[in-house]
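Step one of this worksheet: look at the structure below.
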Amino acid sequence: MKHLPTLLSHELRMLLVSPATYVASTLFLGFMGLVFIKIVELYGGAPQETSPAVVYFQLFWLPVCVMVPLLTMKCLAEERRAGTLETLLTTPVTTTEVVLAKFGAAYALYTALWASTLGFFLVLRRYSGDERFLDAGPLLGGFLFIGVSGLLFVALGVLASSLTRSQSVAGILSCVALATLILGGNALADSPWLDQGLLRPLRAAVDHGHVFGHRDDFARGVIDLRHLLFYASGTALALILSILSVEAKQLHA
Amino acid sequence: MSAPPPAIEVSRLVKTYGGTTAVNDISFTVARGEIVGFLGPNGAGKSTTMRILTGYLPATAGSVHLCGLPVATRPDEVKRRIGYLPENNPLPEDMRVSEYLYFRGRLKEVARRQLGPRIDEVLEICDLKRVRHRIIGQLSKGYRQRVGIAEAILAEPPVIIMDEPTIGLDPHQILIVRDLIAGLRGRMTVIISSHILPEIEVTCDRVLIINQGRVVAQGTPAELRREIFGQSSYVLEVAGDPATLAAALATVEPDLRATPPGEAPGAGPEEFRRLRLTTARPDELGEAIVAALAASGCRVRAIGREHPSLEDVFLAATRRSWDAVQAAAPRPTPAR
């Protein structure tokens with residue numbers, strides 16, 4: 001793992017010079033800004049029972065399904081298409097180091113972008129003078145959820161990029177995988193037919209992977225070890241599959 | 001004290017992809033400090049062999065040792081000992097030349113303190129100082145190729161593998177790359193694949209010709225000429241009596257044959273004729289022929305030894321291997 005810092009700094013630099021990063025950042029910050037304006041309007045109109053931070057994180061899935069594919073689609077697909085993966089893997093670096101560096105750089109940018117939206121709350125508190133707008137509990141829980149779930153989302157993006165040479169195919173794969181995990185899980189969680197007979201074990205699995213449920217728990221300050229394990233094991237699995245995918249494609253290059 | 005192992009030792013190497021045999025039981029050795037040309041038609045298995053040598057691709061069977069290290073079981077150590085320029089020289093488009101070399105130097109474990117001076121050195125060697133701050137994507141093909149070569153020699157590895165280093169370059173750039181490679185002679189072992197055969201002949205100590213996944217000929221260009229064509233030939237412009245000429249030539253080497261034999265139509269003994277002399281003897285006979293003809297009273301205007309080009313050798317060797325494959329293939333049974 002001694003090449004990981006070199007690879008990671010290189011990947012971060014390459015992300016920062018990539019136009020896709022700026023497209024993703026602009027779309028994300030623009031969208032989250034709009035969401036925040038709507039929340040401010042809502043809370044300005046009438047008193048609400050929940051903290052604005054809780055409402056703010058409810059729409060997290062929409063930027064995730066767009067931003068994560070944009071940040072990760074290029075990482076391995078483009079390297080393979082251009083042939084630079086071959087030159088990289090003929091130096092003393094391992095496939096694991098390469099995949100971890102790609103993942104680490106994309107994840108760092110993902111969390112940095114989300115962290116920058118904390119500025120919305122700081123600006124609101126500064127100009128409203130109301131301390132309640134900076135509700136530490138739900139804010140901390142929300143950002144913790146974003147940080148923990150982001151591990152899995154970014155790992156899925158890296159996995160999609162490892163499966164194909166085409167950036168656009170990788171982007172679509174990643175978007176579909178994330179939408180299936182987040183929205184599909186939510187749709188299944190509400191399905192009564194899962195409670196019948198043989199399907200009961202499937203219900204347990206769906207409940208375990210219910211991302212919206214995790215979000216609500218984190219926002220309420222419930223840090224369940226099972227949720228953490230779900231994201232940690234999912235991330236590890238996606239990264240292992242990415243490494244295997246790169247190596248398998250290398251064998252049949 | 002035992003002699004150091006050869007730089008590259010390939011034994012019975014086989015590589016198959018999905019039922020297709022790209023490399024079929026090839027064996028060869030490359031000594032330390034040698035520059036070897038790797039020739040073959042498209043699809044012969046050159047790039048696959050080179051990728052196996054670098055540790056990028058695993059072999060299906062056989063063994064490859066680089067500086068005595070088995071590539072299959074110790075790929076990390078092998079990768080520290082090679083510089084590789086792949087076919088088409090893929091480079092990151094968004095990086096500056098010096099940044100790219102710094103990044104690659106760090107990956108190749110060049111000490112941070114030595115890396116700056118070493119980058120300056122390779123930029124100087126490859127004549128890249130003027131473009132060191134330019135973005136790679138904006139460089140011409142020649143510069144890009146030199147960036148690839150600079151990267152390959154950056155960590156001063158004992159073995160350099162270059163797949164088509166002069167492809168797409170103009171004659172001036174080819175000359176620069178040729179001088180660059182020649183400058184590595186004795187210090188590094190170099191394997192180069194190329195389709196520009198005069199280039200290989202000038203640069204390489206030895207040539208390996210591969211076709212349909214097999215080594216069909218190997219040796220120095222002179223050895224290959226002897227092996228493929230089996231004889232030396234001289235072109236002679238001479239005037240004199242044909243009988244005297246034949247007798248004089250027989251004193252030099254009884255095996256020496258002159259074509260066209262005897263007197264050319266309409267040419268008298270006083271007129272100069274052009275003859276081709278062939279012999280199985282590999283050593284130089286030109287001086288002895290001139291001396292024998294002069295002593296016998298024949299007048300020699302010109303003599304030269306004919307050298308089949310490496311292109312002739314390559315074409316003959318690959319044709320020979322195709323013929324062998326065709327002869328070995330079972331003939332279709334005629335329909336009744």
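Going by the structure tokens order, chains are called A, B, ..., each with residues numbered from 1, while ligands are numbered from 1 in the order shown.
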Might you pull out every residue within 10 Å of B:Asp163, with only C-alpha atoms counted and same-chain residues fewer than 3 positions away left off, and present them as a PyMOL selection string? chain B and resi 38+46-47+50-51+84-89+166-167+191-194
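Within 6 Å of chain A, and counting only C-alpha atoms, chain B contributes Tyr56, Asp76, Lys79, Arg80 and Pro90 of chain B.
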Selection: 9 Å around A:Leu228, only C-alpha atoms, excl. self and same-chain fewer than 5 positions, as a PDB file with N, CA and C atoms, in the first residue's frame:
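Saved as selection_4.pdb:
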ATOM      1  N   VAL A 148     -21.448   8.105   5.700  1.00  0.00           N
ATOM      2  CA  VAL A 148     -21.426   6.632   5.782  1.00  0.00           C
ATOM      3  C   VAL A 148     -22.032   6.020   4.524  1.00  0.00           C
ATOM      4  N   SER A 149     -23.214   6.527   4.103  1.00  0.00           N
ATOM      5  CA  SER A 149     -23.854   5.940   2.916  1.00  0.00           C
ATOM      6  C   SER A 149     -23.041   6.248   1.662  1.00  0.00           C
ATOM      7  N   ILE A 223     -27.657   5.880  15.947  1.00  0.00           N
ATOM      8  CA  ILE A 223     -26.537   5.329  15.173  1.00  0.00           C
ATOM      9  C   ILE A 223     -26.531   3.821  15.432  1.00  0.00           C
ATOM     10  N   SER A 233     -19.885  -3.286   4.875  1.00  0.00           N
ATOM     11  CA  SER A 233     -19.754  -4.550   4.144  1.00  0.00           C
ATOM     12  C   SER A 233     -20.107  -4.366   2.667  1.00  0.00           C
TER      13      SER A 233
END
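Atom CA of B:Arg226 is found 25.5 Å from atom CA of B:Asn24.
Taking atom CA of A:Gly221 as the reference point, atom CA of A:Gly142 is found at 8.8 Å.
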All strand (DSSP E) residues (DSSP, backbone) inside stretch 77-135 of chain B, as a PDB file with C-alpha atoms, in the first residue's frame:
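What ended up in result_25.pdb:
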ATOM      1  CA  ILE B  82      11.484  -2.825 -16.347  1.00  0.00           C
ATOM      2  CA  GLY B  83      10.657   0.264 -18.314  1.00  0.00           C
ATOM      3  CA  TYR B  84       7.780  -0.296 -20.729  1.00  0.00           C
ATOM      4  CA  LEU B  85       6.588   1.706 -23.690  1.00  0.00           C
TER       5      LEU B  85
END
Tell me, which residues of stretch 2-202 of chain B carry DSSP helix (DSSP H, G or I), written as a ChimeraX atom specification? /B:46-54,75-79,97-107,112-125,129-131,136-138,141-153,171-182,197-202
Please provide the set of residues having any atom within 8 Å of B:Gln212, restricted to only C-alpha atoms, with same-chain residues fewer than 6 positions apart removed, written as a PyMOL selection string. chain B and resi 22-24+43-45
Generate the output file for the selected residues, N, CA and C atoms, as a short mmCIF file (atom, residue, chain, number, x, y, z; two decimals), in the first residue's frame.
data_model
loop_
_atom_site.label_atom_id
_atom_site.label_comp_id
_atom_site.auth_asym_id
_atom_site.auth_seq_id
_atom_site.Cartn_x
_atom_site.Cartn_y
_atom_site.Cartn_z
N ALA B 22 -2.25 -17.19 -29.09
CA ALA B 22 -1.53 -15.99 -29.55
C ALA B 22 -0.03 -16.24 -29.53
N VAL B 23 0.45 -16.97 -28.53
CA VAL B 23 1.88 -17.30 -28.41
C VAL B 23 1.96 -18.81 -28.23
N ASN B 24 2.75 -19.45 -29.09
CA ASN B 24 2.73 -20.90 -29.11
C ASN B 24 4.13 -21.49 -28.89
N GLY B 43 -0.35 -9.37 -35.62
CA GLY B 43 -1.03 -10.53 -35.05
C GLY B 43 -0.10 -11.71 -34.83
N ALA B 44 1.21 -11.48 -34.91
CA ALA B 44 2.15 -12.60 -34.75
C ALA B 44 2.33 -13.00 -33.29
N GLY B 45 1.98 -12.11 -32.37
CA GLY B 45 2.13 -12.41 -30.94
C GLY B 45 3.20 -11.57 -30.26
#
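By chain and then residue number, the residues within 8 Å of A:Ala101 are Leu4, Pro5, Leu7, Leu8, Glu11, Glu97 and Ala105 of chain A, counting only C-alpha atoms and disregarding those fewer than 4 positions away in sequence.
The two atoms in question, atom CA of A:Leu71 and atom CA of A:Leu183, are spaced 20.4 Å apart.
For the set B:Gln231, B:Thr203, B:Gln173, B:Asn211, the residue with the smallest atom-to-atom gap to B:Thr49 is B:Asn211, counting only C-alpha atoms.
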